[in-house]
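Pasting structure-v9.cif here (mmCIF, N, CA and C atoms):
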data_upload
#
loop_
_atom_site.label_atom_id
_atom_site.label_comp_id
_atom_site.auth_asym_id
_atom_site.auth_seq_id
_atom_site.Cartn_x
_atom_site.Cartn_y
_atom_site.Cartn_z
N MET E 1 16.28 -1.87 6.24
CA MET E 1 15.38 -1.12 5.38
C MET E 1 16.21 -0.57 4.21
N SER E 2 15.86 -0.99 3.02
CA SER E 2 16.58 -0.55 1.84
C SER E 2 15.79 0.45 1.00
N TYR E 3 14.62 0.82 1.47
CA TYR E 3 13.77 1.76 0.74
C TYR E 3 13.66 3.06 1.53
N THR E 4 13.14 4.09 0.87
CA THR E 4 12.89 5.36 1.56
C THR E 4 11.40 5.66 1.52
N THR E 5 10.94 6.39 2.51
CA THR E 5 9.54 6.82 2.54
C THR E 5 9.47 8.30 2.89
N GLU E 6 8.50 8.94 2.29
CA GLU E 6 8.14 10.30 2.67
C GLU E 6 6.64 10.27 2.90
N ILE E 7 6.20 10.66 4.08
CA ILE E 7 4.79 10.58 4.43
C ILE E 7 4.26 11.96 4.76
N THR E 8 3.18 12.34 4.09
CA THR E 8 2.49 13.60 4.36
C THR E 8 1.00 13.32 4.45
N ILE E 9 0.28 14.25 5.02
CA ILE E 9 -1.18 14.14 5.07
C ILE E 9 -1.75 15.38 4.41
N GLN E 10 -2.61 15.16 3.41
CA GLN E 10 -3.20 16.25 2.66
C GLN E 10 -4.65 15.93 2.37
N ASP E 11 -5.55 16.81 2.75
CA ASP E 11 -6.99 16.64 2.50
C ASP E 11 -7.52 15.31 3.02
N GLY E 12 -7.03 14.89 4.19
CA GLY E 12 -7.52 13.65 4.79
C GLY E 12 -6.95 12.38 4.18
N ILE E 13 -5.94 12.52 3.32
CA ILE E 13 -5.31 11.37 2.68
C ILE E 13 -3.86 11.29 3.16
N ILE E 14 -3.48 10.12 3.64
CA ILE E 14 -2.09 9.88 4.01
C ILE E 14 -1.35 9.52 2.72
N GLU E 15 -0.41 10.37 2.32
CA GLU E 15 0.33 10.16 1.09
C GLU E 15 1.71 9.62 1.42
N VAL E 16 2.00 8.45 0.89
CA VAL E 16 3.27 7.78 1.13
C VAL E 16 4.01 7.69 -0.21
N THR E 17 5.19 8.28 -0.27
CA THR E 17 6.01 8.20 -1.47
C THR E 17 7.17 7.26 -1.19
N LEU E 18 7.26 6.20 -1.98
CA LEU E 18 8.32 5.21 -1.83
C LEU E 18 9.45 5.49 -2.80
N GLY E 19 10.66 5.20 -2.37
CA GLY E 19 11.81 5.30 -3.25
C GLY E 19 12.77 4.17 -2.99
N ASP E 20 13.76 4.05 -3.82
CA ASP E 20 14.81 3.04 -3.72
C ASP E 20 14.25 1.63 -3.92
N VAL E 21 14.72 0.66 -3.14
CA VAL E 21 14.42 -0.75 -3.39
C VAL E 21 13.62 -1.36 -2.24
N VAL E 22 12.45 -1.90 -2.56
CA VAL E 22 11.67 -2.70 -1.61
C VAL E 22 12.02 -4.14 -1.96
N ALA E 23 12.85 -4.76 -1.11
CA ALA E 23 13.53 -5.99 -1.52
C ALA E 23 12.87 -7.28 -1.06
N SER E 24 12.11 -7.25 0.03
CA SER E 24 11.69 -8.53 0.62
C SER E 24 10.39 -8.39 1.39
N TYR E 25 9.93 -9.53 1.89
CA TYR E 25 8.77 -9.53 2.77
C TYR E 25 9.02 -8.67 3.99
N ASP E 26 10.23 -8.72 4.52
CA ASP E 26 10.55 -7.91 5.70
C ASP E 26 10.34 -6.43 5.42
N ASP E 27 10.74 -5.97 4.23
CA ASP E 27 10.50 -4.58 3.85
C ASP E 27 9.01 -4.29 3.74
N LEU E 28 8.26 -5.21 3.11
CA LEU E 28 6.81 -5.02 3.00
C LEU E 28 6.15 -4.96 4.37
N PHE E 29 6.54 -5.86 5.25
CA PHE E 29 5.98 -5.90 6.60
C PHE E 29 6.28 -4.60 7.33
N GLU E 30 7.53 -4.17 7.29
CA GLU E 30 7.93 -2.94 7.96
C GLU E 30 7.17 -1.74 7.40
N LEU E 31 7.05 -1.66 6.09
CA LEU E 31 6.32 -0.57 5.45
C LEU E 31 4.86 -0.57 5.88
N SER E 32 4.24 -1.74 5.92
CA SER E 32 2.84 -1.80 6.35
C SER E 32 2.68 -1.33 7.79
N GLU E 33 3.62 -1.66 8.66
CA GLU E 33 3.55 -1.23 10.05
C GLU E 33 3.70 0.29 10.16
N ILE E 34 4.59 0.87 9.37
CA ILE E 34 4.78 2.33 9.36
C ILE E 34 3.49 3.02 8.93
N VAL E 35 2.88 2.53 7.86
CA VAL E 35 1.65 3.14 7.35
C VAL E 35 0.51 2.96 8.33
N LEU E 36 0.36 1.78 8.89
CA LEU E 36 -0.72 1.55 9.86
C LEU E 36 -0.56 2.42 11.09
N GLN E 37 0.66 2.62 11.54
CA GLN E 37 0.90 3.51 12.68
C GLN E 37 0.45 4.93 12.36
N LYS E 38 0.73 5.38 11.14
CA LYS E 38 0.32 6.73 10.72
C LYS E 38 -1.20 6.82 10.65
N VAL E 39 -1.86 5.75 10.21
CA VAL E 39 -3.33 5.72 10.18
C VAL E 39 -3.89 5.87 11.58
N VAL E 40 -3.33 5.14 12.52
CA VAL E 40 -3.79 5.20 13.91
C VAL E 40 -3.54 6.59 14.50
N GLU E 41 -2.36 7.15 14.27
CA GLU E 41 -2.02 8.47 14.81
C GLU E 41 -2.89 9.57 14.26
N SER E 42 -3.21 9.50 12.97
CA SER E 42 -3.91 10.61 12.31
C SER E 42 -5.43 10.45 12.26
N SER E 43 -5.92 9.24 12.49
CA SER E 43 -7.34 8.93 12.36
C SER E 43 -7.84 9.07 10.92
N ASP E 44 -6.93 9.17 9.96
CA ASP E 44 -7.30 9.17 8.54
C ASP E 44 -7.18 7.74 8.03
N SER E 45 -8.13 7.30 7.22
CA SER E 45 -8.11 5.90 6.78
C SER E 45 -7.86 5.74 5.28
N CYS E 46 -7.61 6.83 4.57
CA CYS E 46 -7.29 6.75 3.15
C CYS E 46 -5.79 6.91 2.95
N VAL E 47 -5.20 5.97 2.19
CA VAL E 47 -3.76 5.98 1.96
C VAL E 47 -3.50 5.97 0.46
N LEU E 48 -2.69 6.91 0.02
CA LEU E 48 -2.25 6.97 -1.37
C LEU E 48 -0.76 6.62 -1.38
N MET E 49 -0.44 5.44 -1.91
CA MET E 49 0.93 4.95 -1.94
C MET E 49 1.51 5.17 -3.34
N ASP E 50 2.44 6.11 -3.44
CA ASP E 50 3.08 6.41 -4.72
C ASP E 50 4.38 5.62 -4.79
N ALA E 51 4.33 4.53 -5.56
CA ALA E 51 5.48 3.64 -5.65
C ALA E 51 6.17 3.72 -7.01
N ARG E 52 5.95 4.80 -7.72
CA ARG E 52 6.51 4.93 -9.07
C ARG E 52 8.03 5.03 -9.06
N SER E 53 8.62 5.51 -7.97
CA SER E 53 10.07 5.67 -7.92
C SER E 53 10.77 4.50 -7.24
N ALA E 54 10.00 3.49 -6.85
CA ALA E 54 10.58 2.34 -6.14
C ALA E 54 10.81 1.18 -7.10
N GLN E 55 11.76 0.37 -6.73
CA GLN E 55 12.03 -0.87 -7.46
C GLN E 55 11.64 -2.02 -6.54
N PHE E 56 10.98 -3.03 -7.09
CA PHE E 56 10.49 -4.15 -6.29
C PHE E 56 11.24 -5.43 -6.62
N LEU E 57 11.81 -6.05 -5.59
CA LEU E 57 12.55 -7.29 -5.77
C LEU E 57 11.84 -8.47 -5.11
N PHE E 58 10.77 -8.22 -4.38
CA PHE E 58 10.02 -9.31 -3.75
C PHE E 58 9.16 -10.00 -4.80
N ASP E 59 8.56 -11.12 -4.42
CA ASP E 59 7.72 -11.84 -5.38
C ASP E 59 6.28 -11.92 -4.89
N THR E 60 5.45 -12.56 -5.68
CA THR E 60 4.02 -12.61 -5.37
C THR E 60 3.75 -13.34 -4.05
N HIS E 61 4.58 -14.31 -3.71
CA HIS E 61 4.39 -15.03 -2.45
C HIS E 61 4.52 -14.08 -1.26
N ASP E 62 5.42 -13.12 -1.35
CA ASP E 62 5.59 -12.13 -0.27
C ASP E 62 4.33 -11.29 -0.09
N ILE E 63 3.66 -10.97 -1.19
CA ILE E 63 2.41 -10.22 -1.11
C ILE E 63 1.34 -11.06 -0.42
N LEU E 64 1.27 -12.33 -0.76
CA LEU E 64 0.29 -13.22 -0.12
C LEU E 64 0.56 -13.33 1.38
N LEU E 65 1.82 -13.42 1.76
CA LEU E 65 2.16 -13.48 3.18
C LEU E 65 1.75 -12.20 3.90
N LEU E 66 1.97 -11.05 3.26
CA LEU E 66 1.59 -9.78 3.87
C LEU E 66 0.07 -9.69 4.00
N ALA E 67 -0.65 -10.09 2.97
CA ALA E 67 -2.12 -10.05 3.03
C ALA E 67 -2.63 -10.93 4.17
N GLU E 68 -2.03 -12.09 4.34
CA GLU E 68 -2.45 -12.97 5.43
C GLU E 68 -2.13 -12.34 6.79
N HIS E 69 -0.97 -11.73 6.91
CA HIS E 69 -0.61 -11.05 8.17
C HIS E 69 -1.61 -9.93 8.48
N LEU E 70 -1.93 -9.12 7.48
CA LEU E 70 -2.88 -8.02 7.69
C LEU E 70 -4.26 -8.55 8.05
N ASP E 71 -4.66 -9.63 7.42
CA ASP E 71 -5.95 -10.25 7.72
C ASP E 71 -5.98 -10.74 9.16
N ASN E 72 -4.93 -11.40 9.59
CA ASN E 72 -4.86 -11.90 10.97
C ASN E 72 -4.79 -10.76 11.99
N SER E 73 -4.31 -9.60 11.56
CA SER E 73 -4.24 -8.42 12.44
C SER E 73 -5.54 -7.64 12.46
N LEU E 74 -6.53 -8.10 11.70
CA LEU E 74 -7.86 -7.47 11.63
C LEU E 74 -7.79 -6.04 11.09
N VAL E 75 -6.91 -5.81 10.14
CA VAL E 75 -6.76 -4.49 9.53
C VAL E 75 -8.06 -4.04 8.87
N GLN E 76 -8.82 -5.00 8.35
CA GLN E 76 -10.06 -4.64 7.66
C GLN E 76 -11.07 -3.94 8.58
N THR E 77 -10.92 -4.05 9.89
CA THR E 77 -11.82 -3.37 10.81
C THR E 77 -11.50 -1.88 10.96
N MET E 78 -10.37 -1.44 10.37
CA MET E 78 -9.96 -0.03 10.47
C MET E 78 -10.63 0.84 9.42
N GLY E 79 -11.36 0.25 8.48
CA GLY E 79 -11.97 1.04 7.42
C GLY E 79 -10.95 1.59 6.44
N LEU E 80 -9.83 0.91 6.33
CA LEU E 80 -8.72 1.36 5.50
C LEU E 80 -9.08 1.30 4.01
N LYS E 81 -8.64 2.31 3.28
CA LYS E 81 -8.81 2.36 1.83
C LYS E 81 -7.47 2.77 1.25
N VAL E 82 -6.86 1.88 0.44
CA VAL E 82 -5.50 2.10 -0.05
C VAL E 82 -5.49 2.13 -1.57
N ALA E 83 -4.93 3.20 -2.13
CA ALA E 83 -4.70 3.31 -3.57
C ALA E 83 -3.20 3.29 -3.78
N THR E 84 -2.72 2.36 -4.59
CA THR E 84 -1.30 2.29 -4.90
C THR E 84 -1.09 2.69 -6.34
N VAL E 85 -0.01 3.40 -6.59
CA VAL E 85 0.32 3.85 -7.94
C VAL E 85 1.68 3.27 -8.31
N PHE E 86 1.70 2.44 -9.34
CA PHE E 86 2.91 1.76 -9.79
C PHE E 86 3.23 2.16 -11.22
N ASN E 87 4.47 1.94 -11.60
CA ASN E 87 4.88 2.11 -13.00
C ASN E 87 4.44 0.91 -13.82
N ALA E 88 4.37 1.10 -15.12
CA ALA E 88 4.10 -0.01 -16.02
C ALA E 88 5.21 -1.05 -15.83
N GLY E 89 4.87 -2.28 -16.01
CA GLY E 89 5.83 -3.35 -15.82
C GLY E 89 5.60 -4.09 -14.52
N ASN E 90 4.79 -3.52 -13.64
CA ASN E 90 4.48 -4.16 -12.36
C ASN E 90 3.05 -4.71 -12.34
N GLU E 91 2.48 -4.96 -13.50
CA GLU E 91 1.08 -5.37 -13.57
C GLU E 91 0.80 -6.66 -12.79
N LYS E 92 1.71 -7.63 -12.87
CA LYS E 92 1.50 -8.89 -12.16
C LYS E 92 1.44 -8.67 -10.66
N LEU E 93 2.39 -7.90 -10.13
CA LEU E 93 2.37 -7.61 -8.69
C LEU E 93 1.11 -6.83 -8.31
N ASN E 94 0.73 -5.88 -9.17
CA ASN E 94 -0.49 -5.09 -8.90
C ASN E 94 -1.70 -5.99 -8.77
N LYS E 95 -1.86 -6.91 -9.71
CA LYS E 95 -3.04 -7.78 -9.73
C LYS E 95 -3.04 -8.72 -8.53
N VAL E 96 -1.89 -9.27 -8.20
CA VAL E 96 -1.80 -10.16 -7.04
C VAL E 96 -2.13 -9.39 -5.77
N MET E 97 -1.60 -8.17 -5.64
CA MET E 97 -1.87 -7.37 -4.46
C MET E 97 -3.36 -7.06 -4.35
N GLU E 98 -3.94 -6.53 -5.41
CA GLU E 98 -5.36 -6.20 -5.39
C GLU E 98 -6.20 -7.41 -5.02
N THR E 99 -5.96 -8.51 -5.68
CA THR E 99 -6.78 -9.71 -5.47
C THR E 99 -6.60 -10.27 -4.06
N SER E 100 -5.36 -10.41 -3.62
CA SER E 100 -5.14 -11.02 -2.30
C SER E 100 -5.67 -10.12 -1.18
N PHE E 101 -5.55 -8.81 -1.31
CA PHE E 101 -6.09 -7.91 -0.29
C PHE E 101 -7.62 -7.89 -0.33
N ARG E 102 -8.18 -7.79 -1.50
CA ARG E 102 -9.65 -7.73 -1.61
C ARG E 102 -10.29 -9.02 -1.13
N ASN E 103 -9.63 -10.16 -1.37
CA ASN E 103 -10.15 -11.44 -0.88
C ASN E 103 -10.18 -11.50 0.64
N ARG E 104 -9.46 -10.60 1.27
CA ARG E 104 -9.44 -10.54 2.73
C ARG E 104 -10.15 -9.28 3.24
N SER E 105 -10.99 -8.70 2.39
CA SER E 105 -11.80 -7.53 2.73
C SER E 105 -10.97 -6.31 3.07
N ILE E 106 -9.78 -6.19 2.48
CA ILE E 106 -8.95 -5.01 2.63
C ILE E 106 -9.12 -4.21 1.34
N ASN E 107 -9.65 -3.02 1.47
CA ASN E 107 -10.02 -2.20 0.32
C ASN E 107 -8.78 -1.58 -0.32
N CYS E 108 -8.31 -2.18 -1.40
CA CYS E 108 -7.06 -1.77 -2.03
C CYS E 108 -7.19 -1.88 -3.55
N ARG E 109 -6.70 -0.85 -4.25
CA ARG E 109 -6.69 -0.88 -5.72
C ARG E 109 -5.39 -0.29 -6.22
N ALA E 110 -4.96 -0.79 -7.37
CA ALA E 110 -3.74 -0.30 -8.01
C ALA E 110 -4.11 0.60 -9.18
N PHE E 111 -3.34 1.66 -9.36
CA PHE E 111 -3.59 2.63 -10.42
C PHE E 111 -2.30 2.94 -11.16
N SER E 112 -2.45 3.48 -12.35
CA SER E 112 -1.27 3.84 -13.14
C SER E 112 -0.94 5.32 -13.01
N ASN E 113 -1.83 6.11 -12.36
CA ASN E 113 -1.51 7.53 -12.15
C ASN E 113 -2.10 8.03 -10.84
N ILE E 114 -1.50 9.08 -10.33
CA ILE E 114 -1.87 9.64 -9.03
C ILE E 114 -3.31 10.16 -9.01
N SER E 115 -3.71 10.87 -10.05
CA SER E 115 -5.04 11.49 -10.05
C SER E 115 -6.15 10.45 -9.99
N SER E 116 -5.98 9.32 -10.66
CA SER E 116 -6.99 8.26 -10.60
C SER E 116 -7.07 7.67 -9.20
N GLY E 117 -5.91 7.45 -8.59
CA GLY E 117 -5.88 6.91 -7.22
C GLY E 117 -6.53 7.87 -6.23
N ARG E 118 -6.20 9.14 -6.34
CA ARG E 118 -6.78 10.14 -5.44
C ARG E 118 -8.30 10.24 -5.63
N SER E 119 -8.75 10.23 -6.87
CA SER E 119 -10.19 10.31 -7.14
C SER E 119 -10.92 9.11 -6.52
N TRP E 120 -10.35 7.92 -6.66
CA TRP E 120 -10.96 6.74 -6.08
C TRP E 120 -11.04 6.86 -4.55
N LEU E 121 -10.00 7.35 -3.93
CA LEU E 121 -10.00 7.52 -2.48
C LEU E 121 -11.07 8.49 -2.01
N LEU E 122 -11.28 9.54 -2.77
CA LEU E 122 -12.24 10.58 -2.37
C LEU E 122 -13.67 10.24 -2.75
N PHE E 123 -13.86 9.21 -3.54
CA PHE E 123 -15.21 8.82 -3.98
C PHE E 123 -15.96 8.15 -2.88
#
Spell out the structure here as structure tokens.
Amino acid sequence: MSYTTEITIQDGIIEVTLGDVVASYDDLFELSEIVLQKVVESSDSCVLMDARSAQFLFDTHDILLLAEHLDNSLVQTMGLKVATVFNAGNEKLNKVMETSFRNRSINCRAFSNISSGRSWLLF
């Protein structure tokens, strides 16, 4: 694991703050398992992923592999709603993530700021 996470729960939203480097599919897979475990433990299904401080070295294929893994794990039956917040420059990864997750009925959207992501989660 080459990245850091800080996880809190506030107003029914699981807030995950990422830092350092998310380097590979293995990191993405591990991160998804950590978040899903927190969803199960807390019974909260809204996740706000703040990735503005993280650097991403994986590619779009890794996102597709993760989406397929989540689909095969039936994550969409959990009622999960995920808002991710990225810095500018990650638009391609954002679009691939949104599209590949939504095509598998996983409710996920990318935002450029925290307040927009939080508002979408609470809507």
(request) Expand the PyMOL selection byres ((chain E and resi 66-76) around 6.5) into the individual residues it matches in the shown file, reporting them as a ChimeraX atom specification. (result) /E:29,61-65,77-80,100-101,104-107
Keeping N, CA and C atoms, export the residues of the selection given above as a PDB file, in the coordinates of the input.
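Saved the output as out.pdb:
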ATOM      1  N   PHE E  29       6.540  -5.860   5.250  1.00  0.00           N
ATOM      2  CA  PHE E  29       5.980  -5.900   6.600  1.00  0.00           C
ATOM      3  C   PHE E  29       6.280  -4.600   7.330  1.00  0.00           C
ATOM      4  N   HIS E  61       4.580 -14.310  -3.710  1.00  0.00           N
ATOM      5  CA  HIS E  61       4.390 -15.030  -2.450  1.00  0.00           C
ATOM      6  C   HIS E  61       4.520 -14.080  -1.260  1.00  0.00           C
ATOM      7  N   ASP E  62       5.420 -13.120  -1.350  1.00  0.00           N
ATOM      8  CA  ASP E  62       5.590 -12.130  -0.270  1.00  0.00           C
ATOM      9  C   ASP E  62       4.330 -11.290  -0.090  1.00  0.00           C
ATOM     10  N   ILE E  63       3.660 -10.970  -1.190  1.00  0.00           N
ATOM     11  CA  ILE E  63       2.410 -10.220  -1.110  1.00  0.00           C
ATOM     12  C   ILE E  63       1.340 -11.060  -0.420  1.00  0.00           C
ATOM     13  N   LEU E  64       1.270 -12.330  -0.760  1.00  0.00           N
ATOM     14  CA  LEU E  64       0.290 -13.220  -0.120  1.00  0.00           C
ATOM     15  C   LEU E  64       0.560 -13.330   1.380  1.00  0.00           C
ATOM     16  N   LEU E  65       1.820 -13.420   1.760  1.00  0.00           N
ATOM     17  CA  LEU E  65       2.160 -13.480   3.180  1.00  0.00           C
ATOM     18  C   LEU E  65       1.750 -12.200   3.900  1.00  0.00           C
ATOM     19  N   THR E  77     -10.920  -4.050   9.890  1.00  0.00           N
ATOM     20  CA  THR E  77     -11.820  -3.370  10.810  1.00  0.00           C
ATOM     21  C   THR E  77     -11.500  -1.880  10.960  1.00  0.00           C
ATOM     22  N   MET E  78     -10.370  -1.440  10.370  1.00  0.00           N
ATOM     23  CA  MET E  78      -9.960  -0.030  10.470  1.00  0.00           C
ATOM     24  C   MET E  78     -10.630   0.840   9.420  1.00  0.00           C
ATOM     25  N   GLY E  79     -11.360   0.250   8.480  1.00  0.00           N
ATOM     26  CA  GLY E  79     -11.970   1.040   7.420  1.00  0.00           C
ATOM     27  C   GLY E  79     -10.950   1.590   6.440  1.00  0.00           C
ATOM     28  N   LEU E  80      -9.830   0.910   6.330  1.00  0.00           N
ATOM     29  CA  LEU E  80      -8.720   1.360   5.500  1.00  0.00           C
ATOM     30  C   LEU E  80      -9.080   1.300   4.010  1.00  0.00           C
ATOM     31  N   SER E 100      -5.360 -10.410  -3.620  1.00  0.00           N
ATOM     32  CA  SER E 100      -5.140 -11.020  -2.300  1.00  0.00           C
ATOM     33  C   SER E 100      -5.670 -10.120  -1.180  1.00  0.00           C
ATOM     34  N   PHE E 101      -5.550  -8.810  -1.310  1.00  0.00           N
ATOM     35  CA  PHE E 101      -6.090  -7.910  -0.290  1.00  0.00           C
ATOM     36  C   PHE E 101      -7.620  -7.890  -0.330  1.00  0.00           C
ATOM     37  N   ARG E 104      -9.460 -10.600   1.270  1.00  0.00           N
ATOM     38  CA  ARG E 104      -9.440 -10.540   2.730  1.00  0.00           C
ATOM     39  C   ARG E 104     -10.150  -9.280   3.240  1.00  0.00           C
ATOM     40  N   SER E 105     -10.990  -8.700   2.390  1.00  0.00           N
ATOM     41  CA  SER E 105     -11.800  -7.530   2.730  1.00  0.00           C
ATOM     42  C   SER E 105     -10.970  -6.310   3.070  1.00  0.00           C
ATOM     43  N   ILE E 106      -9.780  -6.190   2.480  1.00  0.00           N
ATOM     44  CA  ILE E 106      -8.950  -5.010   2.630  1.00  0.00           C
ATOM     45  C   ILE E 106      -9.120  -4.210   1.340  1.00  0.00           C
ATOM     46  N   ASN E 107      -9.650  -3.020   1.470  1.00  0.00           N
ATOM     47  CA  ASN E 107     -10.020  -2.200   0.320  1.00  0.00           C
ATOM     48  C   ASN E 107      -8.780  -1.580  -0.320  1.00  0.00           C
TER      49      ASN E 107
END
(request) Could you give me, as a VMD selection string, the residues that have an atom at most 10 Å away from the point (-13.2, 11.0, -2.0) in the coordinates of the file, using only C-alpha atoms? (result) chain E and resid 11 to 13 46 117 to 123
(message) Please enumerate the residues selected by the PyMOL selection byres ((chain E and resi 18-26) around 8) when evaluated against the supplied file, formatted as a ChimeraX atom specification.
(response) /E:1-7,15-17,27-32,49-59,61-63,65-66
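The two atoms in question, atom CA of E:Val35 and atom CA of E:Val47, are spaced 8.1 Å apart.
The space separating atom CA of E:Gln37 from atom C of E:Asn87 comes to 26.9 Å.
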(request) Please give the complete set of residues from stretch 11-110 of chain E that DSSP, run on the backbone, assigns to helix (DSSP H, G or I), formatted as an NGL selection string. (result) :E and (25-42 or 60-72 or 75-78 or 91-102)
Requested write-out: N, CA and C atoms of the selected residues, as a tab-separated table (two decimals), keeping the file's coordinate frame:
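And here is the file that came out, selection_13.tsv:
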chain	number	residue	atom	x	y	z
E	25	TYR	N	9.93	-9.53	1.89
E	25	TYR	CA	8.77	-9.53	2.77
E	25	TYR	C	9.02	-8.67	3.99
E	26	ASP	N	10.23	-8.72	4.52
E	26	ASP	CA	10.55	-7.91	5.70
E	26	ASP	C	10.34	-6.43	5.42
E	27	ASP	N	10.74	-5.97	4.23
E	27	ASP	CA	10.50	-4.58	3.85
E	27	ASP	C	9.01	-4.29	3.74
E	28	LEU	N	8.26	-5.21	3.11
E	28	LEU	CA	6.81	-5.02	3.00
E	28	LEU	C	6.15	-4.96	4.37
E	29	PHE	N	6.54	-5.86	5.25
E	29	PHE	CA	5.98	-5.90	6.60
E	29	PHE	C	6.28	-4.60	7.33
E	30	GLU	N	7.53	-4.17	7.29
E	30	GLU	CA	7.93	-2.94	7.96
E	30	GLU	C	7.17	-1.74	7.40
E	31	LEU	N	7.05	-1.66	6.09
E	31	LEU	CA	6.32	-0.57	5.45
E	31	LEU	C	4.86	-0.57	5.88
E	32	SER	N	4.24	-1.74	5.92
E	32	SER	CA	2.84	-1.80	6.35
E	32	SER	C	2.68	-1.33	7.79
E	33	GLU	N	3.62	-1.66	8.66
E	33	GLU	CA	3.55	-1.23	10.05
E	33	GLU	C	3.70	0.29	10.16
E	34	ILE	N	4.59	0.87	9.37
E	34	ILE	CA	4.78	2.33	9.36
E	34	ILE	C	3.49	3.02	8.93
E	35	VAL	N	2.88	2.53	7.86
E	35	VAL	CA	1.65	3.14	7.35
E	35	VAL	C	0.51	2.96	8.33
E	36	LEU	N	0.36	1.78	8.89
E	36	LEU	CA	-0.72	1.55	9.86
E	36	LEU	C	-0.56	2.42	11.09
E	37	GLN	N	0.66	2.62	11.54
E	37	GLN	CA	0.90	3.51	12.68
E	37	GLN	C	0.45	4.93	12.36
E	38	LYS	N	0.73	5.38	11.14
E	38	LYS	CA	0.32	6.73	10.72
E	38	LYS	C	-1.20	6.82	10.65
E	39	VAL	N	-1.86	5.75	10.21
E	39	VAL	CA	-3.33	5.72	10.18
E	39	VAL	C	-3.89	5.87	11.58
E	40	VAL	N	-3.33	5.14	12.52
E	40	VAL	CA	-3.79	5.20	13.91
E	40	VAL	C	-3.54	6.59	14.50
E	41	GLU	N	-2.36	7.15	14.27
E	41	GLU	CA	-2.02	8.47	14.81
E	41	GLU	C	-2.89	9.57	14.26
E	42	SER	N	-3.21	9.50	12.97
E	42	SER	CA	-3.91	10.61	12.31
E	42	SER	C	-5.43	10.45	12.26
E	60	THR	N	5.45	-12.56	-5.68
E	60	THR	CA	4.02	-12.61	-5.37
E	60	THR	C	3.75	-13.34	-4.05
E	61	HIS	N	4.58	-14.31	-3.71
E	61	HIS	CA	4.39	-15.03	-2.45
E	61	HIS	C	4.52	-14.08	-1.26
E	62	ASP	N	5.42	-13.12	-1.35
E	62	ASP	CA	5.59	-12.13	-0.27
E	62	ASP	C	4.33	-11.29	-0.09
E	63	ILE	N	3.66	-10.97	-1.19
E	63	ILE	CA	2.41	-10.22	-1.11
E	63	ILE	C	1.34	-11.06	-0.42
E	64	LEU	N	1.27	-12.33	-0.76
E	64	LEU	CA	0.29	-13.22	-0.12
E	64	LEU	C	0.56	-13.33	1.38
E	65	LEU	N	1.82	-13.42	1.76
E	65	LEU	CA	2.16	-13.48	3.18
E	65	LEU	C	1.75	-12.20	3.90
E	66	LEU	N	1.97	-11.05	3.26
E	66	LEU	CA	1.59	-9.78	3.87
E	66	LEU	C	0.07	-9.69	4.00
E	67	ALA	N	-0.65	-10.09	2.97
E	67	ALA	CA	-2.12	-10.05	3.03
E	67	ALA	C	-2.63	-10.93	4.17
E	68	GLU	N	-2.03	-12.09	4.34
E	68	GLU	CA	-2.45	-12.97	5.43
E	68	GLU	C	-2.13	-12.34	6.79
E	69	HIS	N	-0.97	-11.73	6.91
E	69	HIS	CA	-0.61	-11.05	8.17
E	69	HIS	C	-1.61	-9.93	8.48
E	70	LEU	N	-1.93	-9.12	7.48
E	70	LEU	CA	-2.88	-8.02	7.69
E	70	LEU	C	-4.26	-8.55	8.05
E	71	ASP	N	-4.66	-9.63	7.42
E	71	ASP	CA	-5.95	-10.25	7.72
E	71	ASP	C	-5.98	-10.74	9.16
E	72	ASN	N	-4.93	-11.40	9.59
E	72	ASN	CA	-4.86	-11.90	10.97
E	72	ASN	C	-4.79	-10.76	11.99
E	75	VAL	N	-6.91	-5.81	10.14
E	75	VAL	CA	-6.76	-4.49	9.53
E	75	VAL	C	-8.06	-4.04	8.87
E	76	GLN	N	-8.82	-5.00	8.35
E	76	GLN	CA	-10.06	-4.64	7.66
E	76	GLN	C	-11.07	-3.94	8.58
E	77	THR	N	-10.92	-4.05	9.89
E	77	THR	CA	-11.82	-3.37	10.81
E	77	THR	C	-11.50	-1.88	10.96
E	78	MET	N	-10.37	-1.44	10.37
E	78	MET	CA	-9.96	-0.03	10.47
E	78	MET	C	-10.63	0.84	9.42
E	91	GLU	N	2.48	-4.96	-13.50
E	91	GLU	CA	1.08	-5.37	-13.57
E	91	GLU	C	0.80	-6.66	-12.79
E	92	LYS	N	1.71	-7.63	-12.87
E	92	LYS	CA	1.50	-8.89	-12.16
E	92	LYS	C	1.44	-8.67	-10.66
E	93	LEU	N	2.39	-7.90	-10.13
E	93	LEU	CA	2.37	-7.61	-8.69
E	93	LEU	C	1.11	-6.83	-8.31
E	94	ASN	N	0.73	-5.88	-9.17
E	94	ASN	CA	-0.49	-5.09	-8.90
E	94	ASN	C	-1.70	-5.99	-8.77
E	95	LYS	N	-1.86	-6.91	-9.71
E	95	LYS	CA	-3.04	-7.78	-9.73
E	95	LYS	C	-3.04	-8.72	-8.53
E	96	VAL	N	-1.89	-9.27	-8.20
E	96	VAL	CA	-1.80	-10.16	-7.04
E	96	VAL	C	-2.13	-9.39	-5.77
E	97	MET	N	-1.60	-8.17	-5.64
E	97	MET	CA	-1.87	-7.37	-4.46
E	97	MET	C	-3.36	-7.06	-4.35
E	98	GLU	N	-3.94	-6.53	-5.41
E	98	GLU	CA	-5.36	-6.20	-5.39
E	98	GLU	C	-6.20	-7.41	-5.02
E	99	THR	N	-5.96	-8.51	-5.68
E	99	THR	CA	-6.78	-9.71	-5.47
E	99	THR	C	-6.60	-10.27	-4.06
E	100	SER	N	-5.36	-10.41	-3.62
E	100	SER	CA	-5.14	-11.02	-2.30
E	100	SER	C	-5.67	-10.12	-1.18
E	101	PHE	N	-5.55	-8.81	-1.31
E	101	PHE	CA	-6.09	-7.91	-0.29
E	101	PHE	C	-7.62	-7.89	-0.33
E	102	ARG	N	-8.18	-7.79	-1.50
E	102	ARG	CA	-9.65	-7.73	-1.61
E	102	ARG	C	-10.29	-9.02	-1.13
(message) Here is a test: counting only N, CA and C atoms, which residue of E:Val82, E:Val39, E:Ile9, E:Ala88 is nearest to E:Ser112?
(response)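 Closest residue, counting only N, CA and C atoms: E:Ala88.
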(message) I'd like the interatomic distance between atom N of E:Ser45 and atom CA of E:Leu93, to a tenth of an Å.
(response)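 It comes out at 24.2 Å.
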